[in-house]
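A.B. asks: Before anything else, here's the structure in question.
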Amino acid sequence: MSNIKEYLINDHRGCDDIFAKMEDKASASLVDAKKLTEDFIYSMERHFQREERVMFPEFESKTGMLNGPTEMMRQEHAQMRNLMSQMLIAIDNSDKDKFFGLSETLMILLQQHNMKEEQMLYTMAQQHLNADSQRIVEMMEALVVE
Amino acid sequence: MDFNGLSIEQAPPISAPLRFFVTAPLFGILAGVIFLFGSSDILINRYSMDVIVAVHLITIGFFGFVMLGALTQMLPVLAGANIFKVKSVASLSHAMLSGGIVSMAYGLLMSSSMFIWLAMLLLGSGFLMLILSMLYAIKSVEHFTASIKGMFVSLVFAFFIVLMGIYLLYGYGSDSITRIHYIVANIHSVWAIFGFAGILIIGVAFQVLPMFYVAPRFKQFCKRRVVYLITFGLVIWMFLNLYFEEYALYAKLWIVTFFWAFATTVWIKFNKRKRPISDVTVWYWRLASISLTFGSFLWVFDEFFNHHYIVMVGVLIGGGFILGIMLGMIYKIVPFLVWFHLNGMGYMSIPTMNEMMNKSISRIQFLLFVFSLLGFIASYYTEFFLVPSSIAFILSMVLLEYNILLALKIYVQTRKKAPDFDMSAFNME
């Protein structure tokens, strides 16, 4: 797949699927959901880094939009990272209500974030970076999470 | 490439949508009071003044407020369509619409022409200002998704039903109720229910079900065609209704087929959703599916019974389907808005969405609401149920208002404290 937009949208769907599995597990037993929660956070982090370390810089250098949409997306990534770290704490404290409160909040924040990306940012990125699409997707695929 | 139409920094000020949400249940309470003290033919005669007033307190005061309020938030976020001077447009139109609906209720109930004229002016200008500025904002959207198409078409219907509404009020104000009046009233109500509210809900559902519940996506056919097919049906229905009334039933069947299919699709999508969590919002979507299914069939069935069941159709489609979905949406949107705005201002240690409203109260509110719907339907057969169902409806609205105010209180109290982080460095403006 060498289309940036499709590649990243696919990544979103992958994260959604793990999220659903994680909630499913957590509703049965919070402790048992720890592994899935970590998997989910890892997938999200990998996705964020694919954007922050590969796609966003490419987009910014091509368009010159440094404080534009990508900066806003970074801020929302920070909000989500904060919620996800609190979810792990909630598991350690066996606080199911807190966990689901956080997961619900994260879900909506995440979805409206994804919508902005999928409907606007990715479309713009695909248009501007079309010629380098293959290379950028390969770089995102090869990325090692820091 | 033109970037002007695009802004990722989209969320409008919280006051724009929230003022509509806070006021909506109050009009619901007023409608309930009219059901409670209104004349006993309230559930039989759709053209009695009590019914017209109570129905409009709900359709304008609740549906209109919640849908337009939600659109001030959704258009920028979903579509990148920024409404020009959204804060002023929202606060001014909110004031005009609130004044307008109260004037309309008073004018019609007390037969005061002066208040009816005032209502025409306030409702007309309030609605048109809001609708036209939203349509203008959509004009700049570059990437039309299925949801945005739905919002656009529904706003076009809203534009026409407002014009028809003004004409109808003119009829009451000048005391000249002609045959045309009833024809326009019929088109006004059917377009409002299926064109404005129905299409908007379908458009939003394309986006919301996969998003919030991780339900399977809608098929491309649905997303591309359904809104247009329904629009086609509604326009044809209007012409048949005007010129060949005996054939209007065919257009009704056409419209109903798509809405019934939508109701069934929603039900199936909820069964197949990957996110198993079941909260009150899921119950509301379920209730909406069931009510829409029964309501649509009854609407066709009613044609053969001299429109005896039209009020029951209204209870099922207006109450169970539209109001049900509005209520479900409020439980998601209000807590999220409060959380999102506070978090964006740098408040980190705030309650999560689930802690903004009282869950037990939401459940009781749902049960009271369902009880009132069933009661209103039963009242058609025996008047006895009218009082308990009106009271249940009022209580459900009071509890809803209480829950919305709980979230608002969290917002107001948190704002009084200093944020955990200073976010002003990130201010994009």
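To be explicit about the labels: the chains of the structure tokens are called A, B, and onward in the order shown, and within each one the residues are counted from 1, while ligands get numbers from 1 in the order they are shown.
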Could you pull the residues within 10 Å of range 82-97 of chain B, counting only C-alpha atoms, minus those fewer than 4 positions along the same chain, as a ChimeraX atom specification?
C.D. replies: /B:5-7,9-20,23,60-61,64-65,68-69,71-77,101-103,119,121-138,140-141
A.B. asks: Please produce an output containing C-alpha atoms for each residue in the selection, written as a CSV table (one decimal), in the first residue's frame.
C.D. replies:
chain,number,residue,atom,x,y,z
B,5,GLY,CA,-11.7,26.8,4.0
B,6,LEU,CA,-9.7,24.6,6.2
B,7,SER,CA,-9.0,24.9,9.8
B,9,GLU,CA,-8.3,24.5,15.1
B,10,GLN,CA,-12.0,24.1,14.8
B,11,ALA,CA,-13.8,23.7,18.0
B,12,PRO,CA,-16.1,26.7,18.5
B,13,PRO,CA,-16.5,28.4,21.9
B,14,ILE,CA,-18.3,26.0,24.3
B,15,SER,CA,-21.1,28.6,24.8
B,16,ALA,CA,-22.2,28.2,21.2
B,17,PRO,CA,-23.6,24.7,21.4
B,18,LEU,CA,-24.1,24.6,25.2
B,19,ARG,CA,-26.6,27.4,25.4
B,20,PHE,CA,-28.9,25.4,23.1
B,23,THR,CA,-32.4,25.6,27.3
B,60,ILE,CA,-38.5,24.0,17.8
B,61,GLY,CA,-37.6,24.3,21.5
B,64,GLY,CA,-34.4,22.6,16.7
B,65,PHE,CA,-32.3,23.7,19.6
B,68,LEU,CA,-28.7,23.4,15.5
B,69,GLY,CA,-26.7,23.6,18.7
B,71,LEU,CA,-24.4,21.6,14.3
B,72,THR,CA,-22.5,24.7,15.5
B,73,GLN,CA,-20.1,22.1,17.0
B,74,MET,CA,-20.2,19.5,14.3
B,75,LEU,CA,-19.8,21.6,11.2
B,76,PRO,CA,-16.4,22.9,12.2
B,77,VAL,CA,-15.2,19.6,13.6
B,101,ILE,CA,-41.1,30.2,20.7
B,102,VAL,CA,-42.5,31.7,23.9
B,103,SER,CA,-44.3,34.4,21.9
B,119,ALA,CA,-43.2,35.1,16.9
B,121,LEU,CA,-40.4,38.0,13.3
B,122,LEU,CA,-38.3,36.4,16.0
B,123,LEU,CA,-38.5,32.8,14.8
B,124,GLY,CA,-38.1,33.7,11.1
B,125,SER,CA,-35.1,35.9,11.6
B,126,GLY,CA,-33.5,33.6,14.3
B,127,PHE,CA,-33.8,30.5,12.2
B,128,LEU,CA,-32.9,32.0,8.9
B,129,MET,CA,-29.8,33.7,10.4
B,130,LEU,CA,-28.6,30.4,11.8
B,131,ILE,CA,-29.5,28.2,8.9
B,132,LEU,CA,-28.1,30.6,6.2
B,133,SER,CA,-24.9,31.1,8.0
B,134,MET,CA,-24.4,27.3,8.3
B,135,LEU,CA,-25.2,26.8,4.7
B,136,TYR,CA,-22.8,29.5,3.8
B,137,ALA,CA,-20.1,27.8,5.9
B,138,ILE,CA,-20.7,24.5,4.2
B,140,SER,CA,-16.4,26.4,1.6
B,141,VAL,CA,-16.1,22.7,2.3
A.B. asks: Could you tell me which residues of chain A sit within 9 Å of chain B when counting only C-alpha atoms, and give me the result as a ChimeraX atom specification?
C.D. replies: /A:16-17,19-21,23-24,27,67-73,75-76,79,82,97-98,100-105,107-109,111-113,115-117,119-121,123
A.B. asks: With a distance cut-off of 9 Å and only C-alpha atoms, select the neighbouring residues of Val190 in chain B, excluding the residue or stretch itself and same-chain residues fewer than 5 positions from it, and output the selection as a PyMOL selection string.
C.D. replies: chain B and resi 185+195+234
A.B. asks: Please identify all polymer residues within 9 Å of Leu249 in chain B, counting only C-alpha atoms, omitting same-chain residues fewer than 2 positions from it, and present them as a list in words.
C.D. replies: Trp237, Leu240, Asn241, Glu245, Glu246, Tyr247, Ala251, Lys252, Leu253, Trp254, Val300 and Glu303 of chain B
A.B. asks: Between A:Asn3, A:Ile91, A:Phe48, A:Leu83, which has the minimum distance to Ser29 in chain A (counting only C-alpha atoms)?
C.D. replies: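 Closest residue, counting only C-alpha atoms: A:Ile91.
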A.B. asks: So that I can check the surroundings of range 393-405 of chain B, please list as a count of residues only every protein, DNA and RNA residue that reaches within 7 Å of it, counting only C-alpha atoms and ignoring chain neighbours fewer than 3 positions away.
C.D. replies: 16
A.B. asks: Check range 264-391 of chain B with DSSP on the backbone and list each residue it calls alpha helix (DSSP H), as a PyMOL selection string.
C.D. replies: chain B and resi 264-271+280-301+310-314+324-344+359-379+386-391
A.B. asks: Using only C-alpha atoms, determine which residues lie at most 12 Å from Phe232 in chain B, disregarding the query and same-chain residues fewer than 3 positions distant; provide the list as an MDAnalysis selection string.
C.D. replies: chainID B and resid 153 191 194:195 225:229 235:239 251:252 254:255 258
